[in-house]
>>> print(open('protein_17.pdb').read())   # PDB, C-alpha atoms
ATOM      1  CA  MET C   1     -62.614  35.579  71.082
ATOM      2  CA  TYR C   2     -63.478  32.587  73.182
ATOM      3  CA  TRP C   3     -60.197  32.115  75.095
ATOM      4  CA  SER C   4     -59.125  34.086  78.154
ATOM      5  CA  SER C   5     -55.404  33.685  77.388
ATOM      6  CA  TRP C   6     -53.026  32.127  74.847
ATOM      7  CA  ASP C   7     -51.944  29.599  77.473
ATOM      8  CA  ALA C   8     -55.532  28.426  77.752
ATOM      9  CA  PHE C   9     -55.720  28.236  73.982
ATOM     10  CA  TRP C  10     -52.628  26.011  73.655
ATOM     11  CA  ALA C  11     -53.753  23.824  76.563
ATOM     12  CA  MET C  12     -57.095  23.074  74.837
ATOM     13  CA  GLY C  13     -58.755  22.258  78.140
ATOM     14  CA  GLY C  14     -56.222  19.499  78.845
ATOM     15  CA  HIS C  15     -56.607  17.874  75.425
ATOM     16  CA  ALA C  16     -53.674  19.665  73.808
ATOM     17  CA  PHE C  17     -51.984  16.427  72.698
ATOM     18  CA  PHE C  18     -55.009  15.133  70.786
ATOM     19  CA  VAL C  19     -55.994  18.449  69.248
ATOM     20  CA  TRP C  20     -52.495  19.442  68.102
ATOM     21  CA  MET C  21     -51.601  15.952  66.897
ATOM     22  CA  SER C  22     -54.626  16.233  64.603
ATOM     23  CA  PHE C  23     -53.994  19.731  63.291
ATOM     24  CA  GLY C  24     -50.242  19.112  63.096
ATOM     25  CA  ALA C  25     -50.688  15.961  61.024
ATOM     26  CA  LEU C  26     -52.925  17.760  58.544
ATOM     27  CA  PHE C  27     -50.461  20.599  58.023
ATOM     28  CA  LEU C  28     -47.515  18.212  57.773
ATOM     29  CA  ALA C  29     -49.368  16.113  55.188
ATOM     30  CA  LEU C  30     -50.255  19.187  53.111
ATOM     31  CA  ALA C  31     -46.662  20.476  53.283
ATOM     32  CA  VAL C  32     -45.310  17.101  52.119
ATOM     33  CA  GLU C  33     -47.793  16.967  49.248
ATOM     34  CA  LEU C  34     -46.883  20.473  48.079
ATOM     35  CA  VAL C  35     -43.169  19.577  48.104
ATOM     36  CA  LEU C  36     -43.850  16.355  46.174
ATOM     37  CA  LEU C  37     -45.917  18.273  43.602
ATOM     38  CA  ARG C  38     -43.025  20.680  43.105
ATOM     39  CA  VAL C  39     -40.488  17.833  42.781
ATOM     40  CA  ARG C  40     -42.656  16.030  40.241
ATOM     41  CA  ARG C  41     -42.979  19.163  38.107
ATOM     42  CA  ILE C  42     -39.244  19.863  38.169
ATOM     43  CA  ARG C  43     -38.586  16.242  37.165
ATOM     44  CA  ALA C  44     -41.109  16.325  34.333
ATOM     45  CA  LEU C  45     -39.578  19.514  32.944
ATOM     46  CA  GLY C  46     -36.093  18.020  33.338
ATOM     47  CA  ASP C  47     -37.082  14.930  31.351
ATOM     48  CA  ILE C  48     -38.373  17.102  28.522
ATOM     49  CA  GLU C  49     -35.110  19.054  28.508
ATOM     50  CA  GLU C  50     -33.160  15.786  28.322
ATOM     51  CA  GLU C  51     -35.246  14.611  25.412
ATOM     52  CA  ARG C  52     -34.597  17.893  23.585
ATOM     53  CA  GLU C  53     -30.849  17.592  24.093
ATOM     54  CA  LEU C  54     -30.829  14.007  22.864
ATOM     55  CA  GLU C  55     -32.637  15.126  19.764
ATOM     56  CA  ALA C  56     -30.215  17.994  19.206
ATOM     57  CA  GLU C  57     -27.292  15.569  19.367
ATOM     58  CA  ASN C  58     -28.750  13.263  16.746
TER      59      ASN C  58
ATOM     60  CA  MET A   1     -68.732  27.201  22.575
ATOM     61  CA  ASN A   2     -66.763  24.086  21.888
ATOM     62  CA  TRP A   3     -67.110  21.899  24.952
ATOM     63  CA  PHE A   4     -64.314  19.650  23.820
ATOM     64  CA  TYR A   5     -61.801  22.470  23.476
ATOM     65  CA  PHE A   6     -60.368  21.923  26.962
ATOM     66  CA  SER A   7     -60.620  18.135  26.795
ATOM     67  CA  SER A   8     -57.358  18.135  24.889
ATOM     68  CA  PRO A   9     -54.346  17.830  27.222
ATOM     69  CA  SER A  10     -52.451  20.565  25.358
ATOM     70  CA  THR A  11     -55.151  23.209  25.888
ATOM     71  CA  PHE A  12     -56.041  22.038  29.384
ATOM     72  CA  TYR A  13     -52.387  22.308  30.406
ATOM     73  CA  GLY A  14     -52.511  26.092  30.043
ATOM     74  CA  LEU A  15     -55.943  26.438  31.652
ATOM     75  CA  ALA A  16     -54.893  24.351  34.676
ATOM     76  CA  GLY A  17     -51.787  26.490  35.066
ATOM     77  CA  ARG A  18     -53.858  29.676  35.128
ATOM     78  CA  LEU A  19     -56.497  28.296  37.533
ATOM     79  CA  ALA A  20     -54.315  26.536  40.131
ATOM     80  CA  PRO A  21     -52.880  29.664  41.835
ATOM     81  CA  TRP A  22     -56.413  31.036  42.318
ATOM     82  CA  PHE A  23     -57.567  27.823  43.953
ATOM     83  CA  PHE A  24     -54.573  27.841  46.297
ATOM     84  CA  ALA A  25     -55.163  31.506  47.166
ATOM     85  CA  LEU A  26     -58.846  30.836  47.935
ATOM     86  CA  ALA A  27     -57.830  27.776  49.968
ATOM     87  CA  ALA A  28     -55.447  29.876  52.063
ATOM     88  CA  VAL A  29     -57.965  32.664  52.687
ATOM     89  CA  THR A  30     -60.763  30.274  53.654
ATOM     90  CA  ALA A  31     -58.373  28.228  55.826
ATOM     91  CA  VAL A  32     -57.402  31.319  57.835
ATOM     92  CA  TRP A  33     -61.052  32.319  58.195
ATOM     93  CA  GLY A  34     -62.183  28.790  59.082
ATOM     94  CA  LEU A  35     -59.381  28.193  61.598
ATOM     95  CA  TYR A  36     -60.092  31.578  63.168
ATOM     96  CA  LEU A  37     -63.750  30.642  63.642
ATOM     97  CA  GLY A  38     -63.041  27.077  64.716
ATOM     98  CA  LEU A  39     -60.099  27.585  67.039
ATOM     99  CA  LEU A  40     -60.570  31.102  68.373
ATOM    100  CA  VAL A  41     -64.246  32.088  68.185
ATOM    101  CA  ALA A  42     -66.391  28.957  68.470
ATOM    102  CA  PRO A  43     -67.547  28.108  72.003
ATOM    103  CA  THR A  44     -66.648  24.843  73.663
ATOM    104  CA  ASP A  45     -68.774  21.735  73.253
ATOM    105  CA  ALA A  46     -70.906  21.047  76.299
ATOM    106  CA  GLN A  47     -70.359  17.277  76.197
ATOM    107  CA  GLN A  48     -66.866  16.793  74.807
ATOM    108  CA  GLY A  49     -64.950  19.877  75.881
ATOM    109  CA  GLU A  50     -62.238  21.428  73.737
ATOM    110  CA  VAL A  51     -61.200  18.230  71.972
ATOM    111  CA  TYR A  52     -64.283  18.562  69.790
ATOM    112  CA  ARG A  53     -62.348  21.231  67.829
ATOM    113  CA  VAL A  54     -60.824  18.409  65.821
ATOM    114  CA  ILE A  55     -64.206  18.474  64.044
ATOM    115  CA  PHE A  56     -63.061  21.521  62.030
ATOM    116  CA  ILE A  57     -60.547  19.385  60.157
ATOM    117  CA  HIS A  58     -61.981  15.908  60.661
ATOM    118  CA  VAL A  59     -65.339  16.479  58.993
ATOM    119  CA  PRO A  60     -64.037  18.546  56.028
ATOM    120  CA  THR A  61     -61.295  15.990  55.266
ATOM    121  CA  ALA A  62     -63.740  13.098  55.620
ATOM    122  CA  TRP A  63     -66.306  14.773  53.335
ATOM    123  CA  MET A  64     -63.576  15.582  50.851
ATOM    124  CA  SER A  65     -62.230  12.010  50.926
ATOM    125  CA  MET A  66     -65.617  10.781  49.689
ATOM    126  CA  PHE A  67     -66.306  13.679  47.332
ATOM    127  CA  LEU A  68     -62.917  13.358  45.622
ATOM    128  CA  TYR A  69     -63.483   9.640  45.165
ATOM    129  CA  PHE A  70     -66.814  10.390  43.516
ATOM    130  CA  VAL A  71     -65.256  12.975  41.173
ATOM    131  CA  MET A  72     -62.426  10.562  40.384
ATOM    132  CA  ALA A  73     -64.937   7.822  39.560
ATOM    133  CA  CYS A  74     -66.838  10.212  37.252
ATOM    134  CA  TYR A  75     -63.633  10.901  35.340
ATOM    135  CA  CYS A  76     -63.064   7.132  35.214
ATOM    136  CA  GLY A  77     -66.538   6.712  33.719
ATOM    137  CA  LEU A  78     -65.641   9.200  30.983
ATOM    138  CA  THR A  79     -62.402   7.298  30.389
ATOM    139  CA  LEU A  80     -64.199   4.001  29.895
ATOM    140  CA  VAL A  81     -67.091   5.353  27.817
ATOM    141  CA  PHE A  82     -65.379   7.948  25.606
ATOM    142  CA  ASN A  83     -61.793   6.709  25.872
ATOM    143  CA  THR A  84     -60.648  10.267  26.573
ATOM    144  CA  ARG A  85     -57.067  10.806  27.673
ATOM    145  CA  LEU A  86     -57.536  13.879  29.841
ATOM    146  CA  SER A  87     -60.213  12.276  32.019
ATOM    147  CA  ALA A  88     -57.823   9.434  32.864
ATOM    148  CA  MET A  89     -55.100  11.939  33.678
ATOM    149  CA  MET A  90     -57.477  13.880  35.936
ATOM    150  CA  ALA A  91     -58.419  10.688  37.791
ATOM    151  CA  ARG A  92     -54.721   9.965  38.346
ATOM    152  CA  ALA A  93     -54.215  13.556  39.501
ATOM    153  CA  ILE A  94     -57.027  13.377  42.062
ATOM    154  CA  ALA A  95     -56.159   9.997  43.609
ATOM    155  CA  PRO A  96     -53.118  11.003  45.762
ATOM    156  CA  THR A  97     -54.915  14.041  47.209
ATOM    157  CA  GLY A  98     -57.989  11.892  47.876
ATOM    158  CA  ALA A  99     -55.823   9.336  49.652
ATOM    159  CA  LEU A 100     -54.218  12.118  51.684
ATOM    160  CA  PHE A 101     -57.580  13.440  52.875
ATOM    161  CA  THR A 102     -58.747   9.911  53.684
ATOM    162  CA  ALA A 103     -55.617   9.258  55.736
ATOM    163  CA  VAL A 104     -56.000  12.577  57.573
ATOM    164  CA  ALA A 105     -59.686  11.878  58.264
ATOM    165  CA  LEU A 106     -58.743   8.501  59.788
ATOM    166  CA  TRP A 107     -55.829   9.972  61.732
ATOM    167  CA  THR A 108     -57.771  12.919  63.172
ATOM    168  CA  GLY A 109     -60.712  10.649  63.955
ATOM    169  CA  SER A 110     -58.372   8.399  65.849
ATOM    170  CA  PHE A 111     -56.985  11.265  67.936
ATOM    171  CA  TRP A 112     -60.516  12.446  68.581
ATOM    172  CA  GLY A 113     -61.681   8.946  69.462
ATOM    173  CA  LYS A 114     -59.050   8.316  72.126
ATOM    174  CA  PRO A 115     -60.214  10.981  74.620
ATOM    175  CA  THR A 116     -63.931  10.611  73.793
ATOM    176  CA  TRP A 117     -64.324   6.828  73.333
ATOM    177  CA  GLY A 118     -61.208   5.669  75.146
ATOM    178  CA  THR A 119     -59.649   4.031  72.080
ATOM    179  CA  TYR A 120     -57.694   5.083  69.001
ATOM    180  CA  TRP A 121     -59.287   2.486  66.806
ATOM    181  CA  VAL A 122     -62.294   0.199  66.739
ATOM    182  CA  TRP A 123     -63.527  -2.024  63.896
ATOM    183  CA  ASP A 124     -66.849  -0.302  63.628
ATOM    184  CA  ALA A 125     -68.725   0.190  60.362
ATOM    185  CA  ARG A 126     -67.872   3.860  59.787
ATOM    186  CA  LEU A 127     -64.159   3.508  60.547
ATOM    187  CA  THR A 128     -63.750   0.261  58.640
ATOM    188  CA  SER A 129     -65.517   1.505  55.499
ATOM    189  CA  GLU A 130     -63.381   4.671  55.551
ATOM    190  CA  LEU A 131     -60.279   2.474  55.817
ATOM    191  CA  VAL A 132     -61.553   0.507  52.809
ATOM    192  CA  LEU A 133     -61.761   3.847  50.969
ATOM    193  CA  LEU A 134     -58.076   4.451  51.704
ATOM    194  CA  PHE A 135     -57.218   1.015  50.294
ATOM    195  CA  LEU A 136     -59.344   1.747  47.213
ATOM    196  CA  TYR A 137     -57.259   4.867  46.591
ATOM    197  CA  PHE A 138     -54.033   2.871  47.081
ATOM    198  CA  GLY A 139     -55.344   0.135  44.793
ATOM    199  CA  PHE A 140     -56.255   2.693  42.143
ATOM    200  CA  ILE A 141     -52.791   4.264  42.232
ATOM    201  CA  ALA A 142     -51.014   0.891  42.176
ATOM    202  CA  LEU A 143     -53.156  -0.501  39.360
ATOM    203  CA  SER A 144     -52.850   2.610  37.187
ATOM    204  CA  ASN A 145     -49.059   2.290  37.357
ATOM    205  CA  ALA A 146     -48.925  -1.491  36.978
ATOM    206  CA  PHE A 147     -48.868  -1.605  33.175
ATOM    207  CA  GLU A 148     -46.169  -0.834  30.660
ATOM    208  CA  ASP A 149     -48.808   0.869  28.514
ATOM    209  CA  PRO A 150     -50.319   3.731  30.561
ATOM    210  CA  ARG A 151     -53.577   3.550  28.571
ATOM    211  CA  ARG A 152     -54.137   0.006  29.849
ATOM    212  CA  GLY A 153     -53.401   1.215  33.365
ATOM    213  CA  ASP A 154     -55.979   3.974  32.894
ATOM    214  CA  ARG A 155     -58.698   1.528  31.943
ATOM    215  CA  ALA A 156     -57.928  -1.122  34.560
ATOM    216  CA  ALA A 157     -57.783   1.453  37.356
ATOM    217  CA  ALA A 158     -60.947   3.142  36.056
ATOM    218  CA  LEU A 159     -62.835  -0.119  36.371
ATOM    219  CA  LEU A 160     -61.610  -0.579  39.943
ATOM    220  CA  ALA A 161     -62.589   2.989  40.856
ATOM    221  CA  ILE A 162     -66.104   2.548  39.477
ATOM    222  CA  ILE A 163     -66.675  -0.725  41.306
ATOM    223  CA  GLY A 164     -65.400   0.957  44.477
ATOM    224  CA  VAL A 165     -68.146   3.599  44.313
ATOM    225  CA  VAL A 166     -70.327   1.023  46.121
ATOM    226  CA  ASN A 167     -68.319   1.875  49.226
ATOM    227  CA  LEU A 168     -69.426   5.539  49.291
ATOM    228  CA  PRO A 169     -73.060   5.019  50.388
ATOM    229  CA  ILE A 170     -71.787   2.390  52.828
ATOM    230  CA  ILE A 171     -69.550   5.007  54.484
ATOM    231  CA  TYR A 172     -72.264   7.654  54.426
ATOM    232  CA  PHE A 173     -75.093   5.546  55.822
ATOM    233  CA  SER A 174     -72.968   3.322  58.092
ATOM    234  CA  VAL A 175     -73.936   5.364  61.157
ATOM    235  CA  GLN A 176     -77.615   4.724  60.411
ATOM    236  CA  TRP A 177     -77.468   1.147  59.147
ATOM    237  CA  TRP A 178     -75.349  -0.232  61.937
ATOM    238  CA  ASN A 179     -75.090   0.454  65.602
ATOM    239  CA  THR A 180     -71.719   2.158  65.555
ATOM    240  CA  LEU A 181     -69.526   3.868  68.093
ATOM    241  CA  HIS A 182     -69.158   6.750  65.673
ATOM    242  CA  GLN A 183     -71.637   9.516  66.367
ATOM    243  CA  GLY A 184     -74.402  10.226  63.867
ATOM    244  CA  SER A 185     -74.312  13.141  61.450
ATOM    245  CA  SER A 186     -74.470  16.600  62.987
ATOM    246  CA  VAL A 187     -75.293  18.023  59.589
ATOM    247  CA  SER A 188     -77.718  16.395  57.176
ATOM    248  CA  PHE A 189     -80.028  17.427  54.395
ATOM    249  CA  LYS A 190     -82.769  17.863  56.981
ATOM    250  CA  GLY A 191     -80.887  20.454  59.011
ATOM    251  CA  THR A 192     -78.319  20.673  61.748
ATOM    252  CA  SER A 193     -77.980  20.285  65.476
ATOM    253  CA  MET A 194     -74.936  22.536  65.684
ATOM    254  CA  HIS A 195     -74.143  25.964  67.047
ATOM    255  CA  VAL A 196     -74.069  28.446  64.165
ATOM    256  CA  THR A 197     -70.382  29.447  64.600
ATOM    257  CA  MET A 198     -69.352  25.793  64.713
ATOM    258  CA  LEU A 199     -71.336  25.071  61.587
ATOM    259  CA  THR A 200     -69.961  28.097  59.736
ATOM    260  CA  GLY A 201     -66.390  27.197  60.695
ATOM    261  CA  MET A 202     -66.855  23.641  59.492
ATOM    262  CA  LEU A 203     -68.379  24.711  56.183
ATOM    263  CA  VAL A 204     -65.667  27.319  55.562
ATOM    264  CA  MET A 205     -63.003  24.676  56.265
ATOM    265  CA  SER A 206     -64.775  22.344  53.834
ATOM    266  CA  PHE A 207     -64.589  24.961  51.084
ATOM    267  CA  SER A 208     -60.933  25.419  51.919
ATOM    268  CA  ALA A 209     -60.308  21.673  51.561
ATOM    269  CA  TRP A 210     -62.154  21.720  48.246
ATOM    270  CA  PHE A 211     -60.134  24.662  46.901
ATOM    271  CA  TYR A 212     -56.891  23.045  48.022
ATOM    272  CA  ALA A 213     -57.794  19.718  46.414
ATOM    273  CA  ALA A 214     -58.676  21.447  43.144
ATOM    274  CA  GLY A 215     -55.386  23.357  43.153
ATOM    275  CA  ALA A 216     -53.331  20.257  43.975
ATOM    276  CA  ALA A 217     -55.081  18.142  41.324
ATOM    277  CA  LEU A 218     -54.557  20.815  38.664
ATOM    278  CA  VAL A 219     -50.855  21.169  39.479
ATOM    279  CA  ARG A 220     -50.454  17.390  39.449
ATOM    280  CA  VAL A 221     -52.315  16.922  36.173
ATOM    281  CA  ARG A 222     -49.911  19.383  34.526
ATOM    282  CA  SER A 223     -46.982  17.156  35.486
ATOM    283  CA  ILE A 224     -48.886  14.064  34.329
ATOM    284  CA  ILE A 225     -49.609  15.725  30.980
ATOM    285  CA  LEU A 226     -45.917  16.576  30.541
ATOM    286  CA  GLU A 227     -44.872  13.021  31.461
ATOM    287  CA  ARG A 228     -47.330  11.398  29.099
ATOM    288  CA  GLU A 229     -47.052  13.822  26.188
ATOM    289  CA  ARG A 230     -43.289  14.207  26.411
ATOM    290  CA  ARG A 231     -42.801  13.408  22.736
ATOM    291  CA  ALA A 232     -45.613  15.604  21.447
ATOM    292  CA  GLN A 233     -44.667  18.604  19.383
ATOM    293  CA  TRP A 234     -46.430  21.149  21.616
ATOM    294  CA  VAL A 235     -44.508  19.938  24.690
ATOM    295  CA  ARG A 236     -41.218  20.250  22.822
ATOM    296  CA  GLU A 237     -42.046  23.816  21.927
ATOM    297  CA  LEU A 238     -43.049  24.661  25.479
ATOM    298  CA  LYS A 239     -40.943  27.416  27.016
ATOM    299  CA  GLU A 240     -41.083  27.140  30.788
ATOM    300  CA  GLY A 241     -38.673  27.228  33.658
TER     301      GLY A 241
END
>>> encode(input="protein_17.pdb", output="structure tokens")
Amino acid sequence: MYWSSWDAFWAMGGHAFFVWMSFGALFLALAVELVLLRVRRIRALGDIEEERELEAEN
Amino acid sequence: MNWFYFSSPSTFYGLAGRLAPWFFALAAVTAVWGLYLGLLVAPTDAQQGEVYRVIFIHVPTAWMSMFLYFVMACYCGLTLVFNTRLSAMMARAIAPTGALFTAVALWTGSFWGKPTWGTYWVWDARLTSELVLLFLYFGFIALSNAFEDPRRGDRAAALLAIIGVVNLPIIYFSVQWWNTLHQGSSVSFKGTSMHVTMLTGMLVMSFSAWFYAAGAALVRVRSIILERERRAQWVRELKEG
């Protein structure tokens, strides 16, 4: 372990803003992509279901 | 072995579904390991101080932004030469994740640049060519969706992607060809100038980014296959929640 305390870790030698803005943005971007992937899959499956129902009606 | 077995969307759909969770699991494990090394174990950088730790996400995302573009362009080549459907779907599946990594590489570089260079942005060769890469991804996505007939979109976008490959060596060699503000490579084929823990952390994070990208592309291609093959018999018979 390099750090002497968790406070020192979060402070990042005075560069906390720049370091955490970088890491935060990456994790936010990945979270958004994972949600969008899920939404797209649910939609695709929903469209197939709709198509099946239409066919059943005809 | 029949090499073309999995080139059919219907068979690849199942394979992608089985592989994706493994890629995500490997991505998570390597991310924890890499972040542990990079944020908790690696010593500080003598010149830049703690802000250098951005390197553990900046370099992997930047490498991945270029690598994914290359893979996407290879799939586009297959699309144009063999007129295969799955290759075009894979290219479409990779593009958003490639754009995401490009955007993150630019963003993290910017937040690293401010404390070290004194500016968030400068029109230097490395930064500008990476920005061009982002626009190439956007252009690819826009063009592939610009046609009523998706097969025409596939081919038009494939052509754009292949022409855009020219940009990759420009990004890679920009720090040598031009006098840029961006620092030169710390890692090259000749060796490295880095501390071993720093290097290990960066490489582990790069594997993590690769695993994540593979997982995301495979999940996305499954949705693309369902969207495009909606009227095919095998999709109709699919039983999934």
>>> closest_residue(input="protein_17.pdb", among="C:Phe27, C:Trp10, C:Trp20, C:Tyr2", to="chain A", atoms="only C-alpha atoms")
C:Tyr2
>>> resolve_selection(input="protein_17.pdb", expression="the PyMOL selection byres ((chain A) within 6 of (chain C))", output="compact mmCIF listing (two decimals) with C-alpha atoms, keeping the file's coordinate frame")
# COMPACT_ATOMS: atom_id res chain seq x y z
CA LEU A 40 -60.57 31.10 68.37
CA VAL A 41 -64.25 32.09 68.18
CA GLU A 50 -62.24 21.43 73.74
CA VAL A 51 -61.20 18.23 71.97
CA VAL A 54 -60.82 18.41 65.82
CA THR A 108 -57.77 12.92 63.17
CA PHE A 111 -56.98 11.26 67.94
CA SER A 223 -46.98 17.16 35.49
CA GLU A 227 -44.87 13.02 31.46
>>> residues_around(input="protein_17.pdb", residues="Ala28 of chain A", least_positions_apart="4", cutoff="12 Å", atoms="only C-alpha atoms", output="PyMOL selection string")
(chain C and resi 30) or (chain A and resi 21-24+32-35+204-205+207-213+215)
>>> atom_distance(input="protein_17.pdb", atom1="atom CA of Phe12 of chain A", atom2="atom CA of Gly139 of chain A")
26.8 Å
>>> resolve_selection(input="protein_17.pdb", expression="the PyMOL selection byres ((chain A and resi 150) around 12)", output="ChimeraX atom specification")
/A:85,88-89,92,141-149,151-158,224,227-229
>>> residues_around(input="protein_17.pdb", residues="segment 104-106 of chain A", least_positions_apart="4", cutoff="9 Å", atoms="only C-alpha atoms", output="list in words")
Ser22, Ala25, Leu26 and Ala29 of chain C; Ile57, His58, Val59, Pro60, Thr61, Ala62, Trp63, Ser65, Ala99, Leu100, Ser110, Phe111, Leu127, Glu130 and Leu131 of chain A
>>> atom_distance(input="protein_17.pdb", atom1="atom CA of Phe135 of chain A", atom2="atom CA of Phe56 of chain A")
24.3 Å
>>> axis_aligned_box(input="protein_17.pdb", around="segment 213-222 of chain A", padding_each_side="8 Å", output="lines of an AutoDock Vina configuration file")
center_x = -54.3
center_y = 20.1
center_z = 40.5
size_x = 24.8
size_y = 22.4
size_z = 27.9
>>> resolve_selection(input="protein_17.pdb", expression="the PyMOL selection byres ((chain A and resi 95) around 9)", output="PyMOL selection string")
chain A and resi 68-69+72+90-94+96-100+137-138+140-141+217
>>> write_last_selection(input="protein_17.pdb", atoms="C-alpha atoms", output="short mmCIF file (atom, residue, chain, number, x, y, z; two decimals), keeping the file's coordinate frame")
data_model
loop_
_atom_site.label_atom_id
_atom_site.label_comp_id
_atom_site.auth_asym_id
_atom_site.auth_seq_id
_atom_site.Cartn_x
_atom_site.Cartn_y
_atom_site.Cartn_z
CA LEU A 68 -62.92 13.36 45.62
CA TYR A 69 -63.48 9.64 45.16
CA MET A 72 -62.43 10.56 40.38
CA MET A 90 -57.48 13.88 35.94
CA ALA A 91 -58.42 10.69 37.79
CA ARG A 92 -54.72 9.96 38.35
CA ALA A 93 -54.22 13.56 39.50
CA ILE A 94 -57.03 13.38 42.06
CA PRO A 96 -53.12 11.00 45.76
CA THR A 97 -54.92 14.04 47.21
CA GLY A 98 -57.99 11.89 47.88
CA ALA A 99 -55.82 9.34 49.65
CA LEU A 100 -54.22 12.12 51.68
CA TYR A 137 -57.26 4.87 46.59
CA PHE A 138 -54.03 2.87 47.08
CA PHE A 140 -56.26 2.69 42.14
CA ILE A 141 -52.79 4.26 42.23
CA ALA A 217 -55.08 18.14 41.32
#
>>> atom_distance(input="protein_17.pdb", atom1="atom CA of Ala31 of chain A", atom2="atom CA of Ala31 of chain C")
14.3 Å
>>> residues_around(input="protein_17.pdb", residues="Gly113 of chain A", least_positions_apart="6", cutoff="10 Å", atoms="only C-alpha atoms", output="list in words")
Phe18 of chain C; Val51, Tyr52, Trp107, Thr119, Tyr120, Trp121, Val122, Leu181 and His182 of chain A
>>> closest_residue(input="protein_17.pdb", among="A:Arg220, A:Arg18, A:Arg231, A:Lys239", to="Val35 of chain C", atoms="all atoms listed in the file")
A:Arg220
>>> decode(input="protein_17.pdb", residues="segment 9-22 of chain C", atoms="N, CA, C and O atoms", output="PDB file, in the first residue's frame")
ATOM      1  N   PHE C   9      -5.271   9.392   0.237  1.00  0.00           N
ATOM      2  CA  PHE C   9      -5.673   8.754  -1.019  1.00  0.00           C
ATOM      3  C   PHE C   9      -6.676   9.624  -1.772  1.00  0.00           C
ATOM      4  O   PHE C   9      -6.487   9.940  -2.944  1.00  0.00           O
ATOM      5  N   TRP C  10      -7.754  10.042  -1.079  1.00  0.00           N
ATOM      6  CA  TRP C  10      -8.788  10.842  -1.762  1.00  0.00           C
ATOM      7  C   TRP C  10      -8.254  12.200  -2.202  1.00  0.00           C
ATOM      8  O   TRP C  10      -8.710  12.743  -3.214  1.00  0.00           O
ATOM      9  N   ALA C  11      -7.296  12.738  -1.479  1.00  0.00           N
ATOM     10  CA  ALA C  11      -6.757  14.063  -1.817  1.00  0.00           C
ATOM     11  C   ALA C  11      -5.854  14.010  -3.058  1.00  0.00           C
ATOM     12  O   ALA C  11      -5.675  15.017  -3.744  1.00  0.00           O
ATOM     13  N   MET C  12      -5.281  12.856  -3.352  1.00  0.00           N
ATOM     14  CA  MET C  12      -4.441  12.673  -4.540  1.00  0.00           C
ATOM     15  C   MET C  12      -3.386  13.776  -4.667  1.00  0.00           C
ATOM     16  O   MET C  12      -3.177  14.337  -5.743  1.00  0.00           O
ATOM     17  N   GLY C  13      -2.740  14.077  -3.550  1.00  0.00           N
ATOM     18  CA  GLY C  13      -1.666  15.056  -3.563  1.00  0.00           C
ATOM     19  C   GLY C  13      -2.112  16.426  -4.059  1.00  0.00           C
ATOM     20  O   GLY C  13      -1.341  17.153  -4.691  1.00  0.00           O
ATOM     21  N   GLY C  14      -3.380  16.776  -3.790  1.00  0.00           N
ATOM     22  CA  GLY C  14      -3.898  18.077  -4.208  1.00  0.00           C
ATOM     23  C   GLY C  14      -4.524  18.083  -5.589  1.00  0.00           C
ATOM     24  O   GLY C  14      -5.075  19.083  -6.028  1.00  0.00           O
ATOM     25  N   HIS C  15      -4.458  16.954  -6.289  1.00  0.00           N
ATOM     26  CA  HIS C  15      -5.021  16.877  -7.641  1.00  0.00           C
ATOM     27  C   HIS C  15      -6.315  16.069  -7.693  1.00  0.00           C
ATOM     28  O   HIS C  15      -6.664  15.518  -8.732  1.00  0.00           O
ATOM     29  N   ALA C  16      -7.012  16.032  -6.541  1.00  0.00           N
ATOM     30  CA  ALA C  16      -8.220  15.214  -6.446  1.00  0.00           C
ATOM     31  C   ALA C  16      -9.207  15.515  -7.577  1.00  0.00           C
ATOM     32  O   ALA C  16      -9.728  14.600  -8.216  1.00  0.00           O
ATOM     33  N   PHE C  17      -9.456  16.793  -7.839  1.00  0.00           N
ATOM     34  CA  PHE C  17     -10.437  17.177  -8.856  1.00  0.00           C
ATOM     35  C   PHE C  17     -10.129  16.523 -10.208  1.00  0.00           C
ATOM     36  O   PHE C  17     -10.995  15.911 -10.830  1.00  0.00           O
ATOM     37  N   PHE C  18      -8.893  16.631 -10.641  1.00  0.00           N
ATOM     38  CA  PHE C  18      -8.523  16.124 -11.972  1.00  0.00           C
ATOM     39  C   PHE C  18      -8.542  14.604 -12.036  1.00  0.00           C
ATOM     40  O   PHE C  18      -8.981  14.012 -13.012  1.00  0.00           O
ATOM     41  N   VAL C  19      -8.038  13.983 -10.971  1.00  0.00           N
ATOM     42  CA  VAL C  19      -7.999  12.516 -10.955  1.00  0.00           C
ATOM     43  C   VAL C  19      -9.413  11.951 -10.906  1.00  0.00           C
ATOM     44  O   VAL C  19      -9.773  11.080 -11.700  1.00  0.00           O
ATOM     45  N   TRP C  20     -10.250  12.474 -10.005  1.00  0.00           N
ATOM     46  CA  TRP C  20     -11.584  11.866  -9.832  1.00  0.00           C
ATOM     47  C   TRP C  20     -12.547  12.265 -10.938  1.00  0.00           C
ATOM     48  O   TRP C  20     -13.483  11.517 -11.239  1.00  0.00           O
ATOM     49  N   MET C  21     -12.325  13.412 -11.565  1.00  0.00           N
ATOM     50  CA  MET C  21     -13.130  13.759 -12.742  1.00  0.00           C
ATOM     51  C   MET C  21     -12.852  12.758 -13.869  1.00  0.00           C
ATOM     52  O   MET C  21     -13.735  12.418 -14.651  1.00  0.00           O
ATOM     53  N   SER C  22     -11.619  12.300 -13.964  1.00  0.00           N
ATOM     54  CA  SER C  22     -11.255  11.332 -14.998  1.00  0.00           C
ATOM     55  C   SER C  22     -11.860   9.968 -14.711  1.00  0.00           C
ATOM     56  O   SER C  22     -12.553   9.390 -15.547  1.00  0.00           O
TER      57      SER C  22
END
